[in-house]
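S.K.: Structure in C-alpha cells, see below.
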Amino acid sequence: MSSQAVTAQVSATEPELLRLLDQLSAEEKVSLVVGASMWTTTAVPRIGLEPVVLSDGPVGVRGPGGGTSAMFPAPSALAATWDLELARRAGLLFAAEARRHGVDVVLAPQVNLQRTPVGGRHFECYSEDPHLTAEIAVALVGAAQERGVGMCVKHYVANDSETERTRYLARLDERTLREAYLAPFERLVRDVNPWSVMGAYNGADTEGLAAPLLEHRPLVVDLLKEEWGYDGLFVSDWVATQSVVPAVRGGLDLQMPGPDGAWGDGLLDAVRSGEVAEAELDDKVLRLLRLARRTGRLVLPGASDANGSAVGAHLALQAVPDQAAAATAASSELLRELAARSVVVLKDDLGLVPLVQDGARPLRVALLGPAAVEPFFQGGGSSFVQPDHLTYPADELRAALPEGSELTVLAGARALHNPPELDVDRCTDPVTGAPGLRVELLAADGSTLEERTATGWTGWLEDVRPDADAVRLRATVRLDEPGAHELGVGTVGVHRVLVDGGEVATGSTVVNEDVVLSSGHNHPIAALAQASGTAELDATVQVVHAVGYGHFVRAALVHRLPGPSAADELAAAVEAAAAADVAVVLVGTTAEVESEGYDRPDLDLPGNQDELVRRVAAANPRTVVVVNAGAPVLLPWLNDVPTALWGWLPGQEAGTALADVLTGVTEPSGRLPWTLPARFEDVPVPHARPVDGVVDYTEGTDVGYRAWERRLAAAPDAAGPDAAGGTAPVPAAPFGHGLGWTTWEYEDAVLAWGQSHDAPATLTAYVTVRNTGSRAGREVVQVYVEAPAGGPSRPVRWLGGFAVADVPAMGSATVRVPVPTRALQVWDPQAKGWTTPPGTYRLRTGRSVTDLRLTNELTVRPGEEPGAGTQ
C-alpha cells in the first residue's frame with residue numbers, strides 16, 4: 001500500500017480518532033505528549049492504544065532491547081550510488097529490521113545538507129545538494145512506510161554543526177532556507193508524508209523570529225504544518241525540550257524522552273493552572289494517535305491496520321530459524337551490493353581495477369594500512385549498532401583471489417591516537433585478589449555505598465543509583481610483556497587517575513548530559529609505565545546525573561602493549577609492497593575523527609597514513625589506495641598514485657564489498673555526493689563554529705559545489721598557479737565525479753515537456769549515452785541548470801536531475817532524466833511564493849558538475865508558467 005493510500009485510509013478514520021480524543025482526560029493527554037521512557041510513548045489500554053516504540057538510525061535499527069542488527073553503509077555511501085532503486089530497497093530493509101526488533105518508528109533519515117566537510121555528522125547526511133538528498137530520502141522513506149514502519153526525518157532544520165549544537169542559533173535568509181535547507185523536508189512532506197519529523201537542538205534566526213527550533217512557530221506551525229499540510233508528528237530531539245509554554249505554542253507535539261524533562265515536570269501543572277489550555281494539546285494528541293494508527297499500535301474496532309490486517313505492524317516477524325537465517329542472508333546480499341556500488345573510482349590511470357582480469361593468474365598482493373587490519377565500519381554516535389556480523393577485507397580478498405595467490409597483510413601506519421581497550425582478563429581486584437576490577441560507588445562525602453568485583457567492562461556503568469556521586473575503579477594490571485606499556489582511563493568531568501600511586505590525570509569540571517555526546521570519543525589519558533610485572537590502576541570518576549539519560553559513569557580503560565615502533569611498522573609495509581605484484585593500501589578516518597558530538601578541526605588523515613601511502617607508491621608503481629571514510633579528507637598524494645578509490649564507511653559487508661570491487665564481481669559505480677577538496681584553505685565553509693552563539697550562513701544558496709563553481713566562474717583563468725605561486729582553488733574531485741570501470745560518450749540530449757490533467761507540466765531530458773569500453777557498465781547521467789542572465793542572483797549551476805543506466809559493452813541507451821519544475825524556480829520573499837524568472841535557461845548534461853558534455857536551451861517567456869509557451 002502506498003504512503004498516500006495509507007494517509008487516505010487514516011483520514012477516513014479521523015472521526016473515530018476524534019471520538020477517542022474526546023474520551024481522554026487532561027492528565028492522559030499530557031501523558032501522551034511526553035515519552036514514557038527513553039524509547040516509548042505512553043499507552044492508554046482502555047482505548048486500545050499501545051506504546052509506540054522508536055529507535056535510532058540511520059545505519060541500522062538498534063532496537064530498544066539491544067542485540068545485533070544489520071549494519072548499513074553510511075548514508076553518504078547510499079547517496080553515492082545515485083540509485084533510487086537501491087534506496088528503495090534500503091527502505092524495505094529498514095522496515096524489515098524494524099519489525100525484527102519490535103520498532104515502530106526509525107529515527108532516520110538525516111536530510112540536513114553537508115554544508116561543511118568538517119561537520120561531525122557529515123557521514124550521516126546524504127549530500128551537499130538538496131535535490132540529490134531529497135530524491136534518495138523520498139525513495140527510502142516511501143518504501144519503509146509502505147511496509148507499515150514509520151520513519152522520522154531529521155533534524156528540522158539548519159542543523160549543520162556539532163559545536164555547541166544544543167545552543168547555537170543558525171542565521172540564514174529566507175531564500176537560502178527555502179531553496180536549500182528546507183527543500184528536502186518539503187519534498188518528503190509533499191511526496192511521501194513522513195509519519196514523524198524530528199526538531200533540531202539548535203535555534204534559527206529567520207522568518208522574523210530568533211528562537212529554538214522547538215519553539216519556532218513560523219517554521220513549525222505556519223510552514224511545516226499549515227503551508228505544507230503536514231499531518232504527522234513533530235517530535236523533539238532527545239532532551240532538546242527546554243520550555244513548556246513556548247514549545248507547546250511553537251508546534252512541538254511529543255517530548256522525548258520521558259517521563260521527566262520540561263514537559264514531564266511542568267506541562268500538567270501548566271494545564272491545571274490555565275497557562276496552557278487543554279485544547280492546545282488536542283492537535284498534538286491527535287497526531288500521536290495518527291502515528292499509532294499508522295504503525296499498528298492503535299487498531300480501531302472493526303478496522304484493519306495500515307497493512308490490511310488486524311495485526312499491528314509493530315509485531316516482530318515470527319519466523320522459524322531457517323526463515324530468519326534466509327532473511328539475514330538476503331539483507332547481507334543487499335548491503336554487500338550497496339557498499340560495492342557506492343565505491344567511487346577517483347582515478348585509475350593504469351587500469352588496475354579490477355585486479356583480476358580474464359585469464360587470471362595468481363597474484364602477490366600486499367594489503368596494507370590501518371583499515372586493512374581494522375576497518376572503520378561505522379561512524380560514532382547515536383546511529384551506532386552492534387552488527388549481526390562483520391566481514392574483513394583480508395579474509396574476503398584472500399578467498400576471492402585466484403588460486404595460488406599470496407596475500408600479505410600489515411598495518412604499516414597508526415591511525416588511532418588512543419590506546420586500545422584494556423583486557424579485563426589481565427586485571428585482579430586489589431582487595432580480594434579475584435579476577436576483575438574493583439568497583440566502588442561513593443557518596444558525596446567519600447563514603448562507600450556499594451562495592452563489588454566486575455569481571456567485564458564496556459567503558460560504561462549504567463543505571464547507577466541516584467545517590468552515588470562518584471565511582472572508584474581499581475585494578476592490579478598484569479604487564480607480562482617486556483617494554484613500555486601505555487595505561488590509563490579516558491573520561492570527562494570530575495576525575496582523578498593514578499598509576500602506581502602517581503597522579504597522571506585530574507579534572508574538576510562537572511558535566512551533565514553533554515557527556516553522552518563527547519565521552520565516547522574523547523582522548524583517554526595514557527600513562528607510560530615500564531613493565532615490572534604489574535601496575536596499579538586507580539581512577540575515581542564522576543557519576544553523571546542527566547535528565548532523560550539516567551545516572552551513569554563513563555570510563556574508558558585503555559592499554560597499549562609494547563611492540564614494534566611506528567618506523568618499524570612502516571618499513572615492513574614498504575618492504576612487503578616492493579615484493580608484491582600490486583599493493584592495496586587502505587587508509588581512512590576513525591571513531592576519534594568522525595562522530596556525532598563534535599566537529600573536526602581539519603581534514604587530515606589521522607596518524608602517519610599519508611606517509612605510508614607515499615612510501616608504498618614509491619616502492620611499487622602498481623598501487624591502489626582505498627579511502628575508508630564517510631566525509632572528505634585531504635589526499636596530498638593523489639597525483640602520485642595510479643589508482644584511488646573512495647570506499648566510505650561500508651558497514652558490516654566491508655570485506656565482501658571491497659573484494660567484489662577489487663576482483664571484478666561488482667562495478668564500483670559510485671559518484672561523489674559532495675566535493676573533495678585538494679587543500680583545506682580552499683574549503684568554502686571551513687568550519688561551523690558559532691561566533692557569539694550564532695552560525696551565519698553567509699554563503700547563501702551556494703552550498704558545497706555551488707560555492708566552488710562560483711569561485712571558478714569569478715576567476716576562469718585560475719586553472720594554474722596564481723600570482724603567489726600557489727594552486728588555483730579547484731577541488732581534488734568535483735561533485736558527481738566517478739569513473740567506474742568503463743568509458744562513456746554522450747551523443748544527444750532532447751528536452752520535452754509532459755502534461756497531465758491533474759499535475760503541473762514536467763520537464764524531461766532524454767539523454768543518449770554510449771558505453772565505449774569492453775565491459776558492461778553503469779552510468780549516472782547528471783543534468784545541471786544554469787539560470788538566465790539578468791534575473792535574481794542564483795548559483796552558477798545546480799543539479800536539476802539525474803538517472804542511472806546500465807549499458808552493455810559497446811552499447812548505447814537513451815536515459816530518461818526528470819527535471820522537476822522547482823529546479824527552475826526561486827523563492828520570492830516579497831510575494832511569499834515560488835516564481836520562475838523568465839529568460840533562457842541552459843541545461844548542461846554530463847558526468848559531473850565540471851564534466852559537462854551536452855547543452856540544451858530552454859526559454860521561459862515573461863508571465864508564462866514552465867511548460868506553456870516554452871521551447
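In the C-alpha cells, chains take the letters A, B, ... in the order shown, each chain's residues start at 1, and ligands count up from 1 in the order shown.
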Could you pull out the residues in region 329-447 of chain A that DSSP calls alpha helix (DSSP H) from the backbone, as a ChimeraX atom specification?

M.R.: /A:329-342,370-373,393-400

S.K.: Quick one: of A:Glu747, A:His485, A:Thr241, A:Val541, who's nearest to Arg167 (chain A), counting only C-alpha atoms?

M.R.: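 Closest residue, counting only C-alpha atoms: A:Thr241.
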
S.K.: Compile the contact shell of Trp238 (chain A) as a ChimeraX atom specification: residues with an atom at most 12 Å away, counting only C-alpha atoms, same-chain residues fewer than 4 positions apart removed.

M.R.: /A:34-35,37-39,54-56,107,154-155,166,198-201,214,242,254-258,260-262,382,513-514,516-517,546-549

S.K.: Identify, with DSSP run on backbone atoms, the residues in region 332-562 of chain A assigned to strand (DSSP E), and express the list as JSON, numbers by chain.

M.R.: {"A": [344, 345, 346, 347, 348, 364, 365, 366, 367, 368, 406, 407, 408, 409, 410, 427, 428, 437, 438, 439, 440, 441, 442, 448, 449, 450, 451, 452, 453, 454, 460, 461, 470, 471, 472, 473, 474, 475, 476, 477, 478, 479, 484, 485, 486, 487, 488, 489, 490, 495, 496, 497, 498, 499, 502, 503, 504, 505, 506, 507, 525, 526, 527, 528, 529, 530, 533, 534, 535, 536, 537, 538, 539, 540, 541, 542, 544, 545, 546, 550, 551, 552, 553, 554, 556, 557, 558, 559, 560]}

S.K.: Would you mind listing what lies within 9 Å of Thr81 (chain A) as a list of chain:residue names, with only C-alpha atoms counted and same-chain residues fewer than 6 positions away left out?

M.R.: A:Ala87, A:Leu338, A:Ala339, A:Arg341, A:Ser342, A:Val343, A:Val344, A:Ser669, A:Gly670, A:Arg671, A:Leu672, A:Pro673, A:Val780, A:Val804

S.K.: Using only C-alpha atoms, which residues sit within 10 Å of Asp467 (chain A) once same-chain residues fewer than 3 positions away are excluded, as a tab-separated table (two decimals) with N, CA and C atoms, in the first residue's frame?

M.R.:
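Below is the file that was written, part.tsv:
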chain	number	residue	atom	x	y	z
A	441	LEU	N	31.03	2.38	44.55
A	441	LEU	CA	30.17	3.54	44.43
A	441	LEU	C	30.35	4.40	45.67
A	442	LEU	N	30.64	5.69	45.46
A	442	LEU	CA	30.96	6.58	46.56
A	442	LEU	C	29.89	7.65	46.71
A	443	ALA	N	29.58	7.99	47.94
A	443	ALA	CA	28.68	9.10	48.24
A	443	ALA	C	29.46	10.41	48.13
A	444	ALA	N	28.74	11.54	48.25
A	444	ALA	CA	29.38	12.84	48.13
A	444	ALA	C	30.43	13.07	49.20
A	449	LEU	N	29.17	3.38	49.22
A	449	LEU	CA	27.77	2.94	49.20
A	449	LEU	C	27.64	1.47	48.83
A	464	VAL	N	23.30	3.59	37.53
A	464	VAL	CA	23.92	3.81	38.83
A	464	VAL	C	22.87	4.38	39.79
A	470	ALA	N	30.30	9.41	42.83
A	470	ALA	CA	31.47	9.03	42.05
A	470	ALA	C	31.63	7.52	42.08
A	543	VAL	N	29.93	10.45	38.67
A	543	VAL	CA	28.66	9.90	38.23
A	543	VAL	C	27.87	11.04	37.59
A	545	HIS	N	24.47	12.63	36.38
A	545	HIS	CA	23.03	12.57	36.61
A	545	HIS	C	22.39	13.44	35.53
A	551	HIS	N	21.40	7.82	35.33
A	551	HIS	CA	22.63	8.03	36.11
A	551	HIS	C	23.67	7.02	35.61

S.K.: Would you work out the distance separating CA of Leu662 (chain A) from CA of Phe72 (chain A), expressed in Å to one decimal?

M.R.: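 Distance reported for this atom pair: 20.4 Å.
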
S.K.: Could you state the separation of CA of Gln110 (chain A) and CA of Ala77 (chain A) in Å, given to one decimal place?

M.R.: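 According to the coordinates, CA of Gln110 (chain A) and CA of Ala77 (chain A) are separated by 13.3 Å.
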
S.K.: Write out as a ChimeraX atom specification the residues lying within 8 Å of Thr675 (chain A), counting only C-alpha atoms and excluding same-chain residues fewer than 5 positions away.

M.R.: /A:632,704-705,731,733-735

S.K.: Out of A:Leu346, A:Val558, A:Val235, A:Ala566, which residue has the shortest atom-to-atom distance to Leu638 (chain A) when counting only C-alpha atoms?

M.R.: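 Answer, going by the shortest atom-to-atom distance: A:Leu346.
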